[in-house]
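J.: What follows is a structure written as structure tokens; I'll ask about it next.
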Amino acid sequence: MGEDAGGGPEFVVVANRLPVDEVADGDGQRRWERSPGGLVSALQPVVRQMRGAWVGWTGSAGDAPEPFDVDGMRLRPVPLSAEDVDRYYEGQSNATIWPLFHDLVEQPTHRREWRQAYEAVNRRFAQAAAEEAAPDATVWVHDYQLLLVPAMLRELRPDVRIGFFLHIPFPPVELFMQLPRRRELLKGLLGADVVGFQGALAAQNFLRLTGQLLGLEPKDDRVEVDGRTVVARAFPISIDVAEVDQFAADPAVQQRARQLRTELGGDRRLLLGVDRLDYTKGIEQRLEAYRELLADGEISNDDVVLVQVATPSRQRIAQYQQLRERVEREVGRITGEFGDVGRAPVHYLFQSFGRAELVALYLAADVMLVTPLRDGMNLVAKEFVAARRDEQGALVLSEFTGAAAELDDAFLINAHDTDDIKRGILEALRADPQDLAARMRHMREQVRAYDIDYWARDFLEVLGVPGAPGEARQAETATS
Ligand code: ADP
Ligand code: F6P
């Protein structure tokens, strides 16, 4: 799509974070690094293909740099002061809305000054998007940090087409009702022309709330508001399958996978977890199940090893600090009770990795453990499947992820029930290789058919945007 004759971009994504984070090196130098999380993994290929602009925060408090270009995308930084980070990002977004939208896995905190900061920062994002977008452009707003932006943007720029996509779960009606200023949040979302969710139930909850809280009359997948029609539907998000497949086909990545296996103990079966260190991900429950299996003698340190990658996330928030302490204590306990000299039962990596190393880990794993207590989608599960061109490996997957609706050939488990996690792990470890291959084949068909291009095309078609992503790539494939 690129630039309009009037100068501004015709396709603008607005998200809390830019796809790159500004980080300080040990020697005080600043540099850019890929931002954490599924939103960036999913959206980056879309914005790149649409040659669009991305409005978001750099991840550091203070003044924002001037707009700059990365990888064919124009990035427009939005400044957040230290107080904004404290109140809007760590407070209202991640200590109020995040736990409440994840079914109260942790208790949300409600503070008036956080809500005020949230509103002020949402206005700043709306203003930046309004300045950035060309006349009649498409602006696609993302996630729970920016629920008020669609209505604010519509006020500033009635000419633009506005989409909104929520990457995390939308709560049941009775939980949403607990939120202070709940009507304003709903009205914020209703500023969009299309509101997208990960699942159908989420869209239904949203539409029901428009009736209950605002007296509107939703019908099927839409609701009329101020003479406009707002569509609310499920658009389950996915991954850049081609990118993962390319890494998985790379002989250097395959060699690295073999090396990892050798280093982790030759013929020991490898269990793998890859998550942001977040209390929604069920890491503690997974470790507990693993420890009990070792204690019961169902598995032994001679036969099995667990690698748990825990990406640092939201480290200044108390609940995340406490989680880290608990997880690290449990890792220490398992190592102490079941380890041997030179042979650890669990390798815990509190680090970020490059894509190639992550795919090498996926290829090395026998069993991938994805056990969130609640998760909008979970892209790690889809990445694991996309990486397994060898049709080997088992996926143990929580029913409480969006991904479970699509990957029902996984070993599905109730992540709130330690015994059920144990059952899932044992079934995966003991499964017949032919059964595993059949399951993996079905899951791969699903992931390949519904990749990130499909997701973006589906959403943008409903929004009425021409030139959807994927066309360029399809043309490339057809001519190659
Ligand atoms: P969330 O959005 O909650 O973080 P997802 O599973 O949907 O969870 O997405 C996580 C994304 O972050 C995936 O694309 C995954 O590859 C990436 N990721 C997770 N852990 C790491 C890590 N340690 N280093 C680099 N990327 C990571
Ligand atoms: O949708 C999940 C999400 O919250 C994204 O919005 C975000 O980019 C990612 O997880 C990582 O979280 P954070 O930006 O708070 O580090």
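For the structure tokens, the naming scheme is as follows: chains receive sequential letters (A, B, ...) according to their order of presentation, residues are indexed from 1 within each chain, and ligands are indexed from 1 in presentation order.
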Please find the residues contacting ligand 1 at a distance of at most 8 Å between atoms, with only C-alpha atoms and all ligand atoms counted, and report them as a PyMOL selection string.
T.: chain A and resi 36-42+167-168+239+274-276+278+281+309-312+349-355+358+375-381+383
J.: Residues of stretch 149-168 of chain A within 6 Å of stretch 184-198 of chain A: nearest atom pair and distance (Å, one decimal) for each, counting only C-alpha atoms, sorted by chain and number, as a Markdown table?
T.:
| residue | atom | partner | partner_atom | distance |
| --- | --- | --- | --- | --- |
| A:Pro150 | CA | A:Gly191 | CA | 4.6 |
| A:Ala151 | CA | A:Gly191 | CA | 3.8 |
| A:Ile162 | CA | A:Ala192 | CA | 4.9 |
| A:Gly163 | CA | A:Val194 | CA | 5.0 |
| A:Phe164 | CA | A:Val195 | CA | 4.8 |
| A:Phe165 | CA | A:Gly196 | CA | 4.5 |
| A:Leu166 | CA | A:Phe197 | CA | 5.3 |
J.: One decimal, Å: what's the distance from atom CA of A:Val370 over to atom CA of A:Ile421, could you say?
T.: 10.1 Å
J.: Near A:Tyr320, counting only C-alpha atoms, which residues have an atom at most 9 Å away, once you skip same-chain residues fewer than 6 positions from it, shown as a PyMOL selection string?
T.: chain A and resi 277-279+313-314
J.: Can I get the selection written as a CSV table (one decimal), in the first residue's frame, with all heavy atoms?
T.:
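Output (out-v2.csv):
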chain,number,residue,atom,x,y,z
A,277,LEU,N,7.9,-15.0,31.1
A,277,LEU,CA,7.7,-15.4,32.5
A,277,LEU,C,6.5,-14.6,33.0
A,277,LEU,O,6.6,-13.5,33.5
A,277,LEU,CB,9.0,-15.0,33.3
A,277,LEU,CG,9.0,-15.6,34.7
A,277,LEU,CD1,8.7,-17.0,34.8
A,277,LEU,CD2,10.3,-15.3,35.4
A,278,ASP,N,5.4,-15.2,32.8
A,278,ASP,CA,4.1,-14.6,33.1
A,278,ASP,C,3.2,-15.6,33.9
A,278,ASP,O,3.2,-16.8,33.5
A,278,ASP,CB,3.4,-14.2,31.8
A,278,ASP,CG,2.2,-13.3,32.0
A,278,ASP,OD1,1.2,-13.7,32.6
A,278,ASP,OD2,2.3,-12.1,31.6
A,279,TYR,N,2.5,-15.1,34.9
A,279,TYR,CA,1.7,-16.1,35.7
A,279,TYR,C,0.5,-16.7,34.9
A,279,TYR,O,-0.1,-17.6,35.4
A,279,TYR,CB,1.2,-15.3,37.0
A,279,TYR,CG,0.5,-14.0,36.7
A,279,TYR,CD1,-0.8,-14.0,36.2
A,279,TYR,CD2,1.1,-12.8,36.9
A,279,TYR,CE1,-1.5,-12.8,36.0
A,279,TYR,CE2,0.5,-11.6,36.6
A,279,TYR,CZ,-0.8,-11.6,36.2
A,279,TYR,OH,-1.4,-10.4,35.9
A,313,SER,N,10.0,-10.5,31.4
A,313,SER,CA,8.8,-9.7,31.0
A,313,SER,C,8.3,-8.9,32.2
A,313,SER,O,8.3,-9.5,33.3
A,313,SER,CB,7.7,-10.7,30.6
A,313,SER,OG,6.6,-10.0,30.1
A,314,ARG,N,8.0,-7.7,32.0
A,314,ARG,CA,7.3,-6.8,33.0
A,314,ARG,C,8.0,-6.9,34.4
A,314,ARG,O,7.3,-7.2,35.4
A,314,ARG,CB,5.8,-7.2,33.1
A,314,ARG,CG,5.2,-7.1,31.7
A,314,ARG,CD,3.8,-7.6,31.6
A,314,ARG,NE,3.4,-7.7,30.2
A,314,ARG,CZ,2.3,-8.4,29.8
A,314,ARG,NH1,1.5,-9.0,30.6
A,314,ARG,NH2,2.0,-8.5,28.5
J.: Counting only C-alpha atoms and all ligand atoms, figure out which residue out of A:Val46, A:Ala356, A:Val230, A:Ile237 gets nearest to ligand 2.
T.: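 Between A:Val46, A:Ala356, A:Val230, A:Ile237, the residue approaching ligand 2 most closely is A:Ile237.
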J.: Based on DSSP run over this structure's backbone, return all residues of stretch 124-331 of chain A in strand (DSSP E or B), as a tab-separated table (two decimals) with all heavy atoms, in the first residue's frame.
T.:
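Generated file (result26.tsv):
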chain	number	residue	atom	x	y	z
A	138	THR	N	-6.27	3.39	6.41
A	138	THR	CA	-6.75	2.36	7.33
A	138	THR	C	-5.85	2.38	8.56
A	138	THR	O	-4.63	2.34	8.44
A	138	THR	CB	-6.63	0.97	6.67
A	138	THR	OG1	-7.45	0.97	5.50
A	138	THR	CG2	-7.06	-0.13	7.61
A	139	VAL	N	-6.47	2.43	9.73
A	139	VAL	CA	-5.69	2.39	10.97
A	139	VAL	C	-6.13	1.16	11.75
A	139	VAL	O	-7.32	0.98	12.00
A	139	VAL	CB	-5.88	3.67	11.82
A	139	VAL	CG1	-5.03	3.60	13.08
A	139	VAL	CG2	-5.52	4.91	11.01
A	140	TRP	N	-5.15	0.33	12.11
A	140	TRP	CA	-5.47	-0.92	12.81
A	140	TRP	C	-4.85	-0.83	14.22
A	140	TRP	O	-3.64	-0.82	14.37
A	140	TRP	CB	-4.88	-2.09	12.02
A	140	TRP	CG	-5.45	-3.42	12.40
A	140	TRP	CD1	-6.36	-3.68	13.36
A	140	TRP	CD2	-5.13	-4.67	11.79
A	140	TRP	NE1	-6.65	-5.02	13.39
A	140	TRP	CE2	-5.90	-5.65	12.43
A	140	TRP	CE3	-4.27	-5.06	10.77
A	140	TRP	CZ2	-5.83	-7.00	12.11
A	140	TRP	CZ3	-4.19	-6.39	10.44
A	140	TRP	CH2	-4.96	-7.36	11.10
A	141	VAL	N	-5.74	-0.75	15.21
A	141	VAL	CA	-5.32	-0.58	16.61
A	141	VAL	C	-5.28	-1.95	17.28
A	141	VAL	O	-6.16	-2.79	17.03
A	141	VAL	CB	-6.31	0.34	17.36
A	141	VAL	CG1	-5.85	0.62	18.78
A	141	VAL	CG2	-6.53	1.66	16.59
A	142	HIS	N	-4.28	-2.16	18.17
A	142	HIS	CA	-4.10	-3.49	18.76
A	142	HIS	C	-4.03	-3.49	20.28
A	142	HIS	O	-3.30	-2.70	20.87
A	142	HIS	CB	-2.81	-4.13	18.21
A	142	HIS	CG	-2.96	-4.50	16.78
A	142	HIS	ND1	-3.31	-5.76	16.36
A	142	HIS	CD2	-2.87	-3.75	15.66
A	142	HIS	CE1	-3.40	-5.77	15.04
A	142	HIS	NE2	-3.13	-4.56	14.59
A	161	ARG	N	-10.64	4.49	8.15
A	161	ARG	CA	-11.26	3.20	8.48
A	161	ARG	C	-10.51	2.66	9.70
A	161	ARG	O	-9.28	2.65	9.69
A	161	ARG	CB	-11.01	2.25	7.31
A	161	ARG	CG	-12.23	1.58	6.79
A	161	ARG	CD	-11.89	0.63	5.70
A	161	ARG	NE	-11.00	1.19	4.69
A	161	ARG	CZ	-11.21	1.11	3.39
A	161	ARG	NH1	-12.27	0.50	2.95
A	161	ARG	NH2	-10.36	1.60	2.53
A	162	ILE	N	-11.26	2.22	10.71
A	162	ILE	CA	-10.57	1.81	11.95
A	162	ILE	C	-10.88	0.35	12.27
A	162	ILE	O	-12.05	-0.05	12.38
A	162	ILE	CB	-11.00	2.70	13.14
A	162	ILE	CG1	-10.76	4.19	12.81
A	162	ILE	CG2	-10.25	2.30	14.41
A	162	ILE	CD1	-11.30	5.15	13.86
A	163	GLY	N	-9.82	-0.44	12.46
A	163	GLY	CA	-9.97	-1.82	12.93
A	163	GLY	C	-9.37	-1.92	14.33
A	163	GLY	O	-8.49	-1.13	14.69
A	164	PHE	N	-9.87	-2.86	15.11
A	164	PHE	CA	-9.27	-3.13	16.43
A	164	PHE	C	-9.15	-4.62	16.58
A	164	PHE	O	-10.09	-5.36	16.27
A	164	PHE	CB	-10.13	-2.55	17.56
A	164	PHE	CG	-9.52	-2.83	18.91
A	164	PHE	CD1	-8.64	-1.94	19.50
A	164	PHE	CD2	-9.80	-4.04	19.57
A	164	PHE	CE1	-8.04	-2.23	20.72
A	164	PHE	CE2	-9.20	-4.33	20.79
A	164	PHE	CZ	-8.32	-3.43	21.36
A	165	PHE	N	-8.01	-5.09	17.08
A	165	PHE	CA	-7.88	-6.52	17.37
A	165	PHE	C	-7.36	-6.72	18.80
A	165	PHE	O	-6.36	-6.12	19.20
A	165	PHE	CB	-6.93	-7.22	16.38
A	165	PHE	CG	-6.90	-8.70	16.62
A	165	PHE	CD1	-7.96	-9.50	16.20
A	165	PHE	CD2	-5.86	-9.30	17.31
A	165	PHE	CE1	-7.98	-10.86	16.46
A	165	PHE	CE2	-5.86	-10.66	17.58
A	165	PHE	CZ	-6.92	-11.45	17.14
A	194	VAL	N	-14.50	-2.55	12.77
A	194	VAL	CA	-14.44	-4.01	13.01
A	194	VAL	C	-13.66	-4.25	14.29
A	194	VAL	O	-12.56	-3.71	14.45
A	194	VAL	CB	-13.72	-4.73	11.84
A	194	VAL	CG1	-13.62	-6.23	12.13
A	194	VAL	CG2	-14.45	-4.49	10.52
A	195	VAL	N	-14.25	-5.02	15.22
A	195	VAL	CA	-13.56	-5.37	16.46
A	195	VAL	C	-13.30	-6.88	16.40
A	195	VAL	O	-14.24	-7.67	16.35
A	195	VAL	CB	-14.40	-5.02	17.71
A	195	VAL	CG1	-13.61	-5.30	18.98
A	195	VAL	CG2	-14.82	-3.56	17.68
A	196	GLY	N	-12.03	-7.27	16.40
A	196	GLY	CA	-11.67	-8.67	16.25
A	196	GLY	C	-11.21	-9.28	17.56
A	196	GLY	O	-10.56	-8.62	18.38
A	197	PHE	N	-11.57	-10.56	17.75
A	197	PHE	CA	-11.20	-11.30	18.96
A	197	PHE	C	-10.57	-12.62	18.54
A	197	PHE	O	-10.72	-13.07	17.41
A	197	PHE	CB	-12.45	-11.58	19.81
A	197	PHE	CG	-13.13	-10.33	20.30
A	197	PHE	CD1	-14.14	-9.74	19.55
A	197	PHE	CD2	-12.75	-9.74	21.49
A	197	PHE	CE1	-14.77	-8.58	19.98
A	197	PHE	CE2	-13.37	-8.57	21.93
A	197	PHE	CZ	-14.38	-8.00	21.18
A	219	LYS	N	-27.05	-7.75	16.92
A	219	LYS	CA	-27.74	-8.80	16.15
A	219	LYS	C	-26.67	-9.56	15.38
A	219	LYS	O	-25.83	-8.94	14.73
A	219	LYS	CB	-28.73	-8.14	15.20
A	219	LYS	CG	-29.69	-9.11	14.60
A	219	LYS	CD	-30.97	-8.41	14.13
A	219	LYS	CE	-31.96	-9.39	13.58
A	219	LYS	NZ	-31.51	-10.10	12.40
A	222	ARG	N	-23.01	-8.18	14.68
A	222	ARG	CA	-22.85	-6.73	14.55
A	222	ARG	C	-23.77	-5.96	15.46
A	222	ARG	O	-24.71	-6.51	16.02
A	222	ARG	CB	-23.02	-6.29	13.10
A	222	ARG	CG	-24.28	-6.80	12.41
A	222	ARG	CD	-24.10	-6.76	10.91
A	222	ARG	NE	-23.06	-7.69	10.49
A	222	ARG	CZ	-22.33	-7.56	9.39
A	222	ARG	NH1	-22.51	-6.55	8.60
A	222	ARG	NH2	-21.42	-8.45	9.07
A	223	VAL	N	-23.45	-4.67	15.60
A	223	VAL	CA	-24.29	-3.81	16.43
A	223	VAL	C	-24.27	-2.40	15.82
A	223	VAL	O	-23.24	-1.96	15.32
A	223	VAL	CB	-23.79	-3.83	17.90
A	223	VAL	CG1	-22.35	-3.37	18.03
A	223	VAL	CG2	-24.69	-3.04	18.81
A	224	GLU	N	-25.45	-1.76	15.82
A	224	GLU	CA	-25.54	-0.39	15.29
A	224	GLU	C	-25.21	0.58	16.42
A	224	GLU	O	-25.74	0.45	17.52
A	224	GLU	CB	-26.97	-0.08	14.82
A	224	GLU	CG	-27.52	-1.00	13.74
A	224	GLU	CD	-26.88	-0.74	12.38
A	224	GLU	OE1	-26.62	0.44	12.08
A	224	GLU	OE2	-26.61	-1.72	11.65
A	225	VAL	N	-24.38	1.57	16.10
A	225	VAL	CA	-24.08	2.59	17.11
A	225	VAL	C	-23.88	3.93	16.40
A	225	VAL	O	-23.12	4.01	15.43
A	225	VAL	CB	-22.87	2.20	18.00
A	225	VAL	CG1	-21.65	1.85	17.20
A	225	VAL	CG2	-22.54	3.26	19.01
A	228	ARG	N	-23.76	3.94	12.70
A	228	ARG	CA	-22.72	3.11	12.04
A	228	ARG	C	-22.94	1.66	12.43
A	228	ARG	O	-23.51	1.37	13.47
A	228	ARG	CB	-21.32	3.49	12.53
A	228	ARG	CG	-20.85	4.86	12.18
A	228	ARG	CD	-19.42	5.07	12.66
A	228	ARG	NE	-19.26	4.89	14.09
A	228	ARG	CZ	-18.59	3.92	14.68
A	228	ARG	NH1	-17.96	3.01	13.96
A	228	ARG	NH2	-18.51	3.83	15.99
A	229	THR	N	-22.38	0.75	11.61
A	229	THR	CA	-22.43	-0.66	11.98
A	229	THR	C	-21.04	-1.09	12.42
A	229	THR	O	-20.06	-0.86	11.72
A	229	THR	CB	-22.85	-1.52	10.77
A	229	THR	OG1	-24.12	-1.05	10.33
A	229	THR	CG2	-22.94	-2.99	11.14
A	230	VAL	N	-20.98	-1.71	13.59
A	230	VAL	CA	-19.70	-2.24	14.08
A	230	VAL	C	-19.78	-3.77	14.02
A	230	VAL	O	-20.72	-4.36	14.58
A	230	VAL	CB	-19.42	-1.79	15.52
A	230	VAL	CG1	-18.12	-2.39	16.04
A	230	VAL	CG2	-19.39	-0.27	15.61
A	231	VAL	N	-18.83	-4.38	13.33
A	231	VAL	CA	-18.78	-5.85	13.25
A	231	VAL	C	-17.88	-6.37	14.37
A	231	VAL	O	-16.79	-5.85	14.58
A	231	VAL	CB	-18.21	-6.30	11.88
A	231	VAL	CG1	-18.04	-7.81	11.83
A	231	VAL	CG2	-19.11	-5.82	10.75
A	232	ALA	N	-18.34	-7.39	15.11
A	232	ALA	CA	-17.50	-8.01	16.15
A	232	ALA	C	-17.43	-9.50	15.85
A	232	ALA	O	-18.47	-10.18	15.84
A	232	ALA	CB	-18.08	-7.78	17.53
A	233	ARG	N	-16.22	-10.01	15.59
A	233	ARG	CA	-16.08	-11.39	15.12
A	233	ARG	C	-14.79	-12.01	15.60
A	233	ARG	O	-13.87	-11.29	15.99
A	233	ARG	CB	-16.02	-11.34	13.59
A	233	ARG	CG	-17.21	-11.92	12.87
A	233	ARG	CD	-16.85	-12.11	11.43
A	233	ARG	NE	-15.63	-12.91	11.29
A	233	ARG	CZ	-15.02	-13.15	10.13
A	233	ARG	NH1	-15.50	-12.66	9.01
A	233	ARG	NH2	-13.93	-13.88	10.08
A	234	ALA	N	-14.70	-13.33	15.49
A	234	ALA	CA	-13.44	-14.00	15.83
A	234	ALA	C	-12.53	-14.04	14.60
A	234	ALA	O	-12.99	-14.34	13.50
A	234	ALA	CB	-13.74	-15.42	16.28
A	269	ARG	N	15.05	-38.06	26.61
A	269	ARG	CA	13.93	-37.41	25.91
A	269	ARG	C	13.87	-35.96	26.39
A	269	ARG	O	13.96	-35.69	27.60
A	269	ARG	CB	12.60	-38.10	26.24
A	269	ARG	CG	12.62	-39.61	26.18
A	269	ARG	CD	12.65	-40.15	24.77
A	269	ARG	NE	11.48	-39.75	23.99
A	269	ARG	CZ	10.27	-40.32	24.09
A	269	ARG	NH1	10.05	-41.29	24.96
A	269	ARG	NH2	9.27	-39.93	23.33
A	270	LEU	N	13.66	-35.05	25.47
A	270	LEU	CA	13.70	-33.62	25.80
A	270	LEU	C	12.30	-33.02	25.87
A	270	LEU	O	11.55	-33.03	24.88
A	270	LEU	CB	14.55	-32.89	24.74
A	270	LEU	CG	14.57	-31.36	24.78
A	270	LEU	CD1	15.03	-30.86	26.14
A	270	LEU	CD2	15.49	-30.83	23.69
A	271	LEU	N	11.95	-32.51	27.06
A	271	LEU	CA	10.70	-31.76	27.23
A	271	LEU	C	11.07	-30.28	27.16
A	271	LEU	O	12.09	-29.87	27.72
A	271	LEU	CB	10.06	-32.03	28.59
A	271	LEU	CG	9.82	-33.48	29.00
A	271	LEU	CD1	9.13	-33.52	30.37
A	271	LEU	CD2	8.93	-34.18	27.98
A	272	LEU	N	10.23	-29.47	26.49
A	272	LEU	CA	10.57	-28.06	26.29
A	272	LEU	C	9.40	-27.15	26.65
A	272	LEU	O	8.26	-27.41	26.26
A	272	LEU	CB	10.96	-27.84	24.81
A	272	LEU	CG	11.23	-26.40	24.36
A	272	LEU	CD1	12.48	-25.84	25.02
A	272	LEU	CD2	11.36	-26.32	22.83
A	273	GLY	N	9.71	-26.05	27.35
A	273	GLY	CA	8.73	-24.97	27.58
A	273	GLY	C	9.35	-23.66	27.11
A	273	GLY	O	10.53	-23.42	27.39
A	274	VAL	N	8.60	-22.84	26.39
A	274	VAL	CA	9.08	-21.52	25.94
A	274	VAL	C	7.97	-20.51	26.21
A	274	VAL	O	6.91	-20.56	25.57
A	274	VAL	CB	9.41	-21.52	24.42
A	274	VAL	CG1	9.77	-20.11	23.95
A	274	VAL	CG2	10.54	-22.48	24.09
A	275	ASP	N	8.19	-19.62	27.17
A	275	ASP	CA	7.13	-18.67	27.53
A	275	ASP	C	7.74	-17.36	28.02
A	275	ASP	O	8.84	-17.37	28.56
A	275	ASP	CB	6.33	-19.19	28.74
A	275	ASP	CG	5.92	-20.63	28.62
A	275	ASP	OD1	6.76	-21.52	28.89
A	275	ASP	OD2	4.76	-20.88	28.29
A	276	ARG	N	6.97	-16.26	27.88
A	276	ARG	CA	7.32	-15.09	28.69
A	276	ARG	C	7.10	-15.51	30.14
A	276	ARG	O	6.19	-16.30	30.43
A	276	ARG	CB	6.40	-13.90	28.38
A	276	ARG	CG	6.90	-12.99	27.31
A	276	ARG	CD	6.04	-11.75	27.11
A	276	ARG	NE	4.65	-12.06	27.02
A	276	ARG	CZ	3.78	-11.92	28.03
A	276	ARG	NH1	4.16	-11.44	29.20
A	276	ARG	NH2	2.51	-12.24	27.88
A	304	VAL	N	14.94	-38.46	30.95
A	304	VAL	CA	14.19	-37.27	30.54
A	304	VAL	C	14.89	-36.01	31.05
A	304	VAL	O	15.50	-36.03	32.12
A	304	VAL	CB	12.76	-37.34	31.13
A	304	VAL	CG1	12.00	-36.05	30.88
A	304	VAL	CG2	11.98	-38.51	30.54
A	305	VAL	N	14.81	-34.93	30.27
A	305	VAL	CA	15.32	-33.63	30.73
A	305	VAL	C	14.34	-32.55	30.28
A	305	VAL	O	13.73	-32.67	29.22
A	305	VAL	CB	16.75	-33.37	30.18
A	305	VAL	CG1	16.82	-33.44	28.66
A	305	VAL	CG2	17.29	-32.02	30.66
A	306	LEU	N	14.18	-31.53	31.14
A	306	LEU	CA	13.28	-30.41	30.80
A	306	LEU	C	14.11	-29.15	30.55
A	306	LEU	O	14.95	-28.78	31.38
A	306	LEU	CB	12.31	-30.16	31.97
A	306	LEU	CG	11.48	-28.88	31.90
A	306	LEU	CD1	10.50	-28.88	30.73
A	306	LEU	CD2	10.69	-28.68	33.21
A	307	VAL	N	13.86	-28.49	29.42
A	307	VAL	CA	14.43	-27.16	29.18
A	307	VAL	C	13.29	-26.15	29.28
A	307	VAL	O	12.30	-26.27	28.54
A	307	VAL	CB	15.10	-27.06	27.79
A	307	VAL	CG1	15.50	-25.62	27.48
A	307	VAL	CG2	16.31	-27.97	27.72
A	308	GLN	N	13.39	-25.23	30.19
A	308	GLN	CA	12.37	-24.19	30.33
A	308	GLN	C	13.00	-22.83	30.00
A	308	GLN	O	13.83	-22.31	30.73
A	308	GLN	CB	11.81	-24.16	31.75
A	308	GLN	CG	10.80	-23.03	31.98
A	308	GLN	CD	9.55	-23.15	31.09
A	308	GLN	OE1	8.89	-24.18	31.10
A	308	GLN	NE2	9.23	-22.11	30.32
A	309	VAL	N	12.57	-22.26	28.85
A	309	VAL	CA	12.97	-20.90	28.49
A	309	VAL	C	11.92	-19.96	29.08
A	309	VAL	O	10.73	-20.14	28.83
A	309	VAL	CB	13.02	-20.72	26.96
A	309	VAL	CG1	13.33	-19.28	26.60
A	309	VAL	CG2	14.04	-21.66	26.34
A	310	ALA	N	12.38	-18.98	29.86
A	310	ALA	CA	11.44	-18.03	30.46
A	310	ALA	C	11.90	-16.62	30.07
A	310	ALA	O	12.87	-16.11	30.62
A	310	ALA	CB	11.42	-18.20	31.98
A	311	THR	N	11.22	-16.04	29.12
A	311	THR	CA	11.64	-14.72	28.62
A	311	THR	C	11.34	-13.66	29.67
A	311	THR	O	10.20	-13.58	30.15
A	311	THR	CB	10.83	-14.37	27.35
A	311	THR	OG1	10.69	-15.55	26.57
A	311	THR	CG2	11.48	-13.27	26.57
J.: Just checking: using only C-alpha atoms and all ligand atoms, which residue out of A:Met177, A:Leu147, A:Ala129, A:Ala410 ends up closest to ligand 2?
T.: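 Smallest separation from ligand 2 among the options: A:Leu147.
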J.: Report, in Å to a single decimal, how far apart atom CA of A:Val13 and atom CA of A:Pro180 are.
T.: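 Distance between the two atoms: 27.7 Å.
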J.: For A:Arg448, work out the shell of residues within 12 Å, counting only C-alpha atoms and skipping chain neighbours fewer than 4 positions away, then give it as JSON, numbers by chain.
T.: {"A": [238, 239, 240, 241, 242, 243, 244, 245, 382, 383, 385, 386, 387, 388, 389, 406, 407, 440, 441, 442, 443, 444, 452, 453, 454, 455]}
J.: Keeping C-alpha atoms for every residue in the selection just given, could you write it to a file as an mmCIF file, in the first residue's frame?
T.:
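Written output follows (again-v3.cif):
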data_model
loop_
_atom_site.group_PDB
_atom_site.id
_atom_site.type_symbol
_atom_site.label_atom_id
_atom_site.label_comp_id
_atom_site.auth_asym_id
_atom_site.auth_seq_id
_atom_site.Cartn_x
_atom_site.Cartn_y
_atom_site.Cartn_z
ATOM 1 C CA SER A 238 -1.487 -17.138 13.587
ATOM 2 C CA ILE A 239 2.199 -17.088 12.708
ATOM 3 C CA ASP A 240 4.510 -16.496 9.766
ATOM 4 C CA VAL A 241 4.664 -20.186 8.803
ATOM 5 C CA ALA A 242 7.025 -19.547 5.879
ATOM 6 C CA GLU A 243 9.566 -17.845 8.163
ATOM 7 C CA VAL A 244 9.561 -20.688 10.698
ATOM 8 C CA ASP A 245 9.711 -23.259 7.908
ATOM 9 C CA LYS A 382 1.842 -22.953 16.448
ATOM 10 C CA GLU A 383 5.555 -22.223 15.938
ATOM 11 C CA VAL A 385 4.072 -27.344 14.865
ATOM 12 C CA ALA A 386 5.272 -25.229 11.928
ATOM 13 C CA ALA A 387 8.898 -26.142 12.725
ATOM 14 C CA ARG A 388 8.276 -29.915 12.716
ATOM 15 C CA ARG A 389 8.672 -30.655 8.996
ATOM 16 C CA GLU A 406 -7.489 -25.364 16.272
ATOM 17 C CA LEU A 407 -4.872 -27.893 17.432
ATOM 18 C CA MET A 440 1.523 -33.758 13.766
ATOM 19 C CA ARG A 441 0.460 -34.058 10.128
ATOM 20 C CA HIS A 442 -3.072 -32.879 10.936
ATOM 21 C CA MET A 443 -1.832 -30.012 13.074
ATOM 22 C CA ARG A 444 0.599 -28.926 10.358
ATOM 23 C CA ILE A 452 -0.638 -14.992 9.427
ATOM 24 C CA ASP A 453 -1.416 -13.899 5.869
ATOM 25 C CA TYR A 454 -4.795 -15.634 6.057
ATOM 26 C CA TRP A 455 -5.527 -13.895 9.370
#
J.: Which distance in Å separates atom CA of A:Asp303 and atom CA of A:Tyr290, to one decimal?
T.: 13.0 Å
J.: If we count only C-alpha atoms, what is near A:Ala318 at a cut-off of 10 Å, once residues fewer than 4 positions away on the same chain are taken out, given as an MDAnalysis selection string?
T.: chainID A and resid 90 95 314 322:324
J.: Where in stretch 297-337 of chain A does DSSP assign alpha helix (DSSP H), given as an MDAnalysis selection string?
T.: chainID A and resid 318:337
J.: So, with only C-alpha atoms and all ligand atoms as the atoms that count, which of A:Val121, A:Ile317, A:Leu153, A:Leu460 lies closest to ligand 2?
T.: A:Ile317
J.: Quick one: of A:Trp32, A:Phe11, A:Phe170, A:Tyr89, who's nearest to ligand 2, counting only C-alpha atoms and all ligand atoms?
T.: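 Of A:Trp32, A:Phe11, A:Phe170, A:Tyr89, the one nearest ligand 2 is A:Tyr89, counting only C-alpha atoms and all ligand atoms.
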